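What follows is a short report on a single structure.
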Amino acid sequence: MTVPGPIRDGGPPPRHREPSAATTVVGVIGDPVAHSLSPLLHNTAFAEMGLDWVSTGFRVVAGRTAEALVGAMALGIRGLSVTMPHKEPVAELVEDLSPLAARLGAVNCLVGGRAGWRGENTDGAGLVAALRRGDRFDPAGHRCLVVGAGGAARSVIAALAGAGAAEVVVVNRSAARARAALALAGPVGRIGGAEDAPDSDLVVNATPVGMAGGRTGTADTEPVAPWPLDPSRLHAGQVVVDLIYHPAETAWMEAAAGQGASVSNGLGMLVHQAALQVAAWTGAEPPLEAMWRAVGGGSHAGHPSPGVA
Ligand SMILES: NC(=O)c1ccc[n+]([C@@H]2O[C@H](COP(=O)([O-])OP(=O)(O)OC[C@H]3O[C@@H](n4cnc5c(N)ncnc54)[C@H](OP(=O)(O)O)[C@@H]3O)[C@@H](O)[C@H]2O)c1
């Protein structure tokens, strides 16, 4: 990949250009979308790269995915980040899918081209990149445990297996969803439980348990689990990642850090999956450190997430 424009080294942040009629537009579709950090990450990258590109949020309600894709293509929008509730509908609507997006049945990144949209999924690769760069942990040859079997968990399970993990243990509340997610791990996958945590090198929470303002029960009356996994099963020498980044430190992360584990939140995955989107759209190397700083992460490589011991 090539880097357009000069590489900055310190100094004041680059000014965002005022969009003009010639500006290339990308965005994020979702509902809700106003909270999304994706435009901030994309725009930070574009400014740093000296590109006349802009990213914004488009609130697209459930059921209007197809209209949004046709409209965005007609408007010449170059790329779309895709979030809830559109990841699976987009995978069904777009014919040109990367093999990974097709396996996952979920798209988080659309790349516009002459022939239409191409659907990709950068979520799992984002986590693996964050692990390697931020946590200095390469999943290759290691025992990994993922709690959850929803969209985020599925992308992480596939990515960890693809990165050469020795084992990917899937722990989930509902058995049927666990089995479906397990298929993405191939021969290194198995279904397990919390008792597998002490023997794992990496433990990932991919459930919303602990998320600010999040509902985690399937019904209003259902009690909310206090932890995704009992933290007393965690210990020093393990890498523990909570995919949640709001709050920056969940009670589970705090408890895991108290057990001596090396703990990170989901900001690293967020930054890296957005960086991979920028790379897919522009064909250029994204400025990771600037993107990381934009979301308050300080210096990324080798440093813990904010507020985390
Ligand atoms: N950092 C990032 O870049 C990033 C990206 C994507 C997602 N995320 C985060 O990842 C989390 C999961 O998102 P998602 O899109 O995968 O959600 P999802 O598709 O709704 O899946 C949620 C999963 O969590 C499980 N779960 C929910 N409530 C639970 C509870 N009380 N006890 C035990 N398990 C519970 C569900 O189990 P059942 O199958 O039994 O229902 C399901 O497997 C969210 O916090 C989201 O913010 C972060």
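Order determines the names: the first chain of the structure tokens is A, the second B, and so forth; residues in each chain are numbered 1 upward, and ligands are numbered 1 upward as they are shown.
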
Kindly assemble as CSV a list of the chain A residues that lie within 6 Å of ligand 1, each paired with its nearest atom pair and their distance in Å to one decimal, using only C-alpha atoms and all ligand atoms, sorted first by chain and then by ascending residue number.
residue,atom,partner,partner_atom_place_in_ligand_line,distance
A:Gly148,CA,ligand 1,43 (O),3.8
A:Ala149,CA,ligand 1,43 (O),3.6
A:Gly150,CA,ligand 1,21 (O),3.3
A:Gly151,CA,ligand 1,16 (O),3.8
A:Ala152,CA,ligand 1,16 (O),3.6
A:Ala153,CA,ligand 1,16 (O),5.4
A:Asn172,CA,ligand 1,43 (O),5.7
A:Arg173,CA,ligand 1,40 (O),4.0
A:Ser174,CA,ligand 1,40 (O),3.8
A:Arg177,CA,ligand 1,39 (O),5.2
A:Ala206,CA,ligand 1,10 (O),4.7
A:Thr207,CA,ligand 1,24 (O),3.5
A:Pro208,CA,ligand 1,45 (O),3.4
A:Val209,CA,ligand 1,31 (N),5.6
A:Met211,CA,ligand 1,45 (O),5.7
A:Thr216,CA,ligand 1,28 (N),3.8
A:Gly217,CA,ligand 1,31 (N),4.9
A:Val224,CA,ligand 1,31 (N),5.0
A:Ala225,CA,ligand 1,31 (N),4.6
A:Pro228,CA,ligand 1,33 (C),5.7
A:Leu243,CA,ligand 1,1 (N),4.4
A:Ile244,CA,ligand 1,45 (O),4.7
A:Gly266,CA,ligand 1,1 (N),3.6
A:Leu267,CA,ligand 1,1 (N),5.5
A:Met269,CA,ligand 1,3 (O),4.6
A:Leu270,CA,ligand 1,3 (O),3.5

Exercise. Enumerate, as a ChimeraX atom specification, the complete set of residues in range 34-253 of chain A that a backbone-based DSSP assignment places in alpha helix (DSSP H).
Key: /A:38-49,65-74,87-93,99-104,123-134,151-162,175-182,251-253

Practice problem: Go through range 157-222 of chain A and collect every residue that DSSP, computed from the backbone, puts in strand (DSSP E or B); the answer should be as an NGL selection string. | Solution: :A and (167-171 or 189-191 or 202-205)

Please produce an output containing C-alpha atoms for each residue in the selection, written as a short mmCIF file (atom, residue, chain, number, x, y, z; two decimals), in the first residue's frame.
data_model
loop_
_atom_site.label_atom_id
_atom_site.label_comp_id
_atom_site.auth_asym_id
_atom_site.auth_seq_id
_atom_site.Cartn_x
_atom_site.Cartn_y
_atom_site.Cartn_z
CA GLU A 167 -7.89 -23.87 20.23
CA VAL A 168 -10.98 -21.66 20.13
CA VAL A 169 -13.43 -22.48 22.93
CA VAL A 170 -16.93 -21.06 22.49
CA VAL A 171 -18.88 -20.33 25.67
CA GLY A 189 -13.08 -25.16 17.82
CA ARG A 190 -15.03 -26.73 20.64
CA ILE A 191 -17.87 -25.75 22.91
CA LEU A 202 -6.80 -15.32 25.78
CA VAL A 203 -10.32 -14.71 27.11
CA VAL A 204 -12.66 -12.44 25.13
CA ASN A 205 -16.02 -11.13 26.30
#

Quiz prompt | Surrounding residues of Gln273 in chain A excluding itself and chain neighbours under 4 positions, 6 Å, only C-alpha atoms, as a list of chain:residue names | solution = A:Thr122, A:Asp123, A:Gly126, A:Met269

Write to file, as a PDB file, in the first residue's frame, the residues of the selection just made, with C-alpha atoms.
ATOM      1  CA  THR A 122     -13.175  -6.228   9.150  1.00  0.00           C
ATOM      2  CA  ASP A 123     -14.411  -6.830  12.728  1.00  0.00           C
ATOM      3  CA  GLY A 126      -9.633  -5.671  13.745  1.00  0.00           C
ATOM      4  CA  MET A 269     -10.826  -3.559  17.866  1.00  0.00           C
TER       5      MET A 269
END

Self-check item: Exercise: Thr65 in chain A partners within 8 Å, only C-alpha atoms, chain neighbours under 3 positions left out, as a PyMOL selection string
Solution: chain A and resi 60-62+68-69+86+89-90

Quiz prompt | Non-local contacts of Ala129 in chain A (12 Å; only C-alpha atoms; under 5 positions in same chain excluded) as a list of chain:residue names | solution =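 The contact residues come out as A:Thr122, A:Asp123, A:Gly124, A:Gly134, A:Asp135, A:Arg136, A:Phe137, A:Asp138, A:Pro139, A:Val156, A:Ala159, A:Leu160, A:Ala163, A:Leu267, A:Gly268, A:Met269, A:Leu270, A:Val271, A:His272, A:Gln273, A:Ala274, A:Ala275, A:Leu276, A:Leu288, A:His300, A:Ala301.
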
Exercise. Find the residues near Gly27 in chain A: any atom within 7 Å, counting only C-alpha atoms, skip ones fewer than 4 places away on the same chain, and give them as JSON, numbers by chain.
Key: {"A": [39, 55, 56, 57, 58, 79, 80, 81]}

Output C-alpha atoms for every residue in the selection just made, as a short mmCIF file (atom, residue, chain, number, x, y, z; two decimals), in the first residue's frame.
data_model
loop_
_atom_site.label_atom_id
_atom_site.label_comp_id
_atom_site.auth_asym_id
_atom_site.auth_seq_id
_atom_site.Cartn_x
_atom_site.Cartn_y
_atom_site.Cartn_z
CA PRO A 39 -17.02 9.08 11.36
CA SER A 55 -17.37 10.47 6.62
CA THR A 56 -20.74 10.97 8.26
CA GLY A 57 -23.54 8.98 9.88
CA PHE A 58 -26.72 7.95 8.07
CA GLY A 79 -17.87 3.35 1.01
CA LEU A 80 -20.11 2.51 3.93
CA SER A 81 -19.39 1.18 7.36
#

Selection: 9 Å around Trp227 in chain A, only C-alpha atoms, excl. self and same-chain fewer than 5 positions, as a short mmCIF file (atom, residue, chain, number, x, y, z; two decimals) with all heavy atoms, in the first residue's frame:
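File selection.cif, as written:
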data_model
loop_
_atom_site.label_atom_id
_atom_site.label_comp_id
_atom_site.auth_asym_id
_atom_site.auth_seq_id
_atom_site.Cartn_x
_atom_site.Cartn_y
_atom_site.Cartn_z
N VAL A 209 -22.82 -7.91 28.23
CA VAL A 209 -22.93 -7.84 29.70
C VAL A 209 -21.89 -6.85 30.24
O VAL A 209 -20.69 -7.05 30.06
CB VAL A 209 -22.70 -9.24 30.33
CG1 VAL A 209 -22.73 -9.15 31.85
CG2 VAL A 209 -23.75 -10.23 29.83
N GLY A 210 -22.38 -5.78 30.85
CA GLY A 210 -21.49 -4.74 31.38
C GLY A 210 -21.51 -3.47 30.56
O GLY A 210 -20.92 -2.46 30.94
N ALA A 251 -16.98 -3.52 34.97
CA ALA A 251 -16.71 -4.15 36.27
C ALA A 251 -15.94 -5.45 36.06
O ALA A 251 -15.06 -5.81 36.86
CB ALA A 251 -18.03 -4.40 37.00
N TRP A 252 -16.25 -6.15 34.97
CA TRP A 252 -15.56 -7.42 34.68
C TRP A 252 -14.08 -7.18 34.38
O TRP A 252 -13.21 -7.93 34.84
CB TRP A 252 -16.25 -8.12 33.50
CG TRP A 252 -15.74 -9.48 33.19
CD1 TRP A 252 -15.88 -10.60 33.96
CD2 TRP A 252 -15.00 -9.87 32.03
NE1 TRP A 252 -15.28 -11.68 33.34
CE2 TRP A 252 -14.74 -11.26 32.16
CE3 TRP A 252 -14.55 -9.20 30.90
CZ2 TRP A 252 -14.04 -11.98 31.18
CZ3 TRP A 252 -13.85 -9.92 29.93
CH2 TRP A 252 -13.60 -11.29 30.07
#

Self-check item: Two-atom distance - CA of Gly296 in chain A, CA of Tyr245 in chain A (Å)
Solution: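 Atom-to-atom, CA of Gly296 in chain A and CA of Tyr245 in chain A are spaced 11.2 Å apart.
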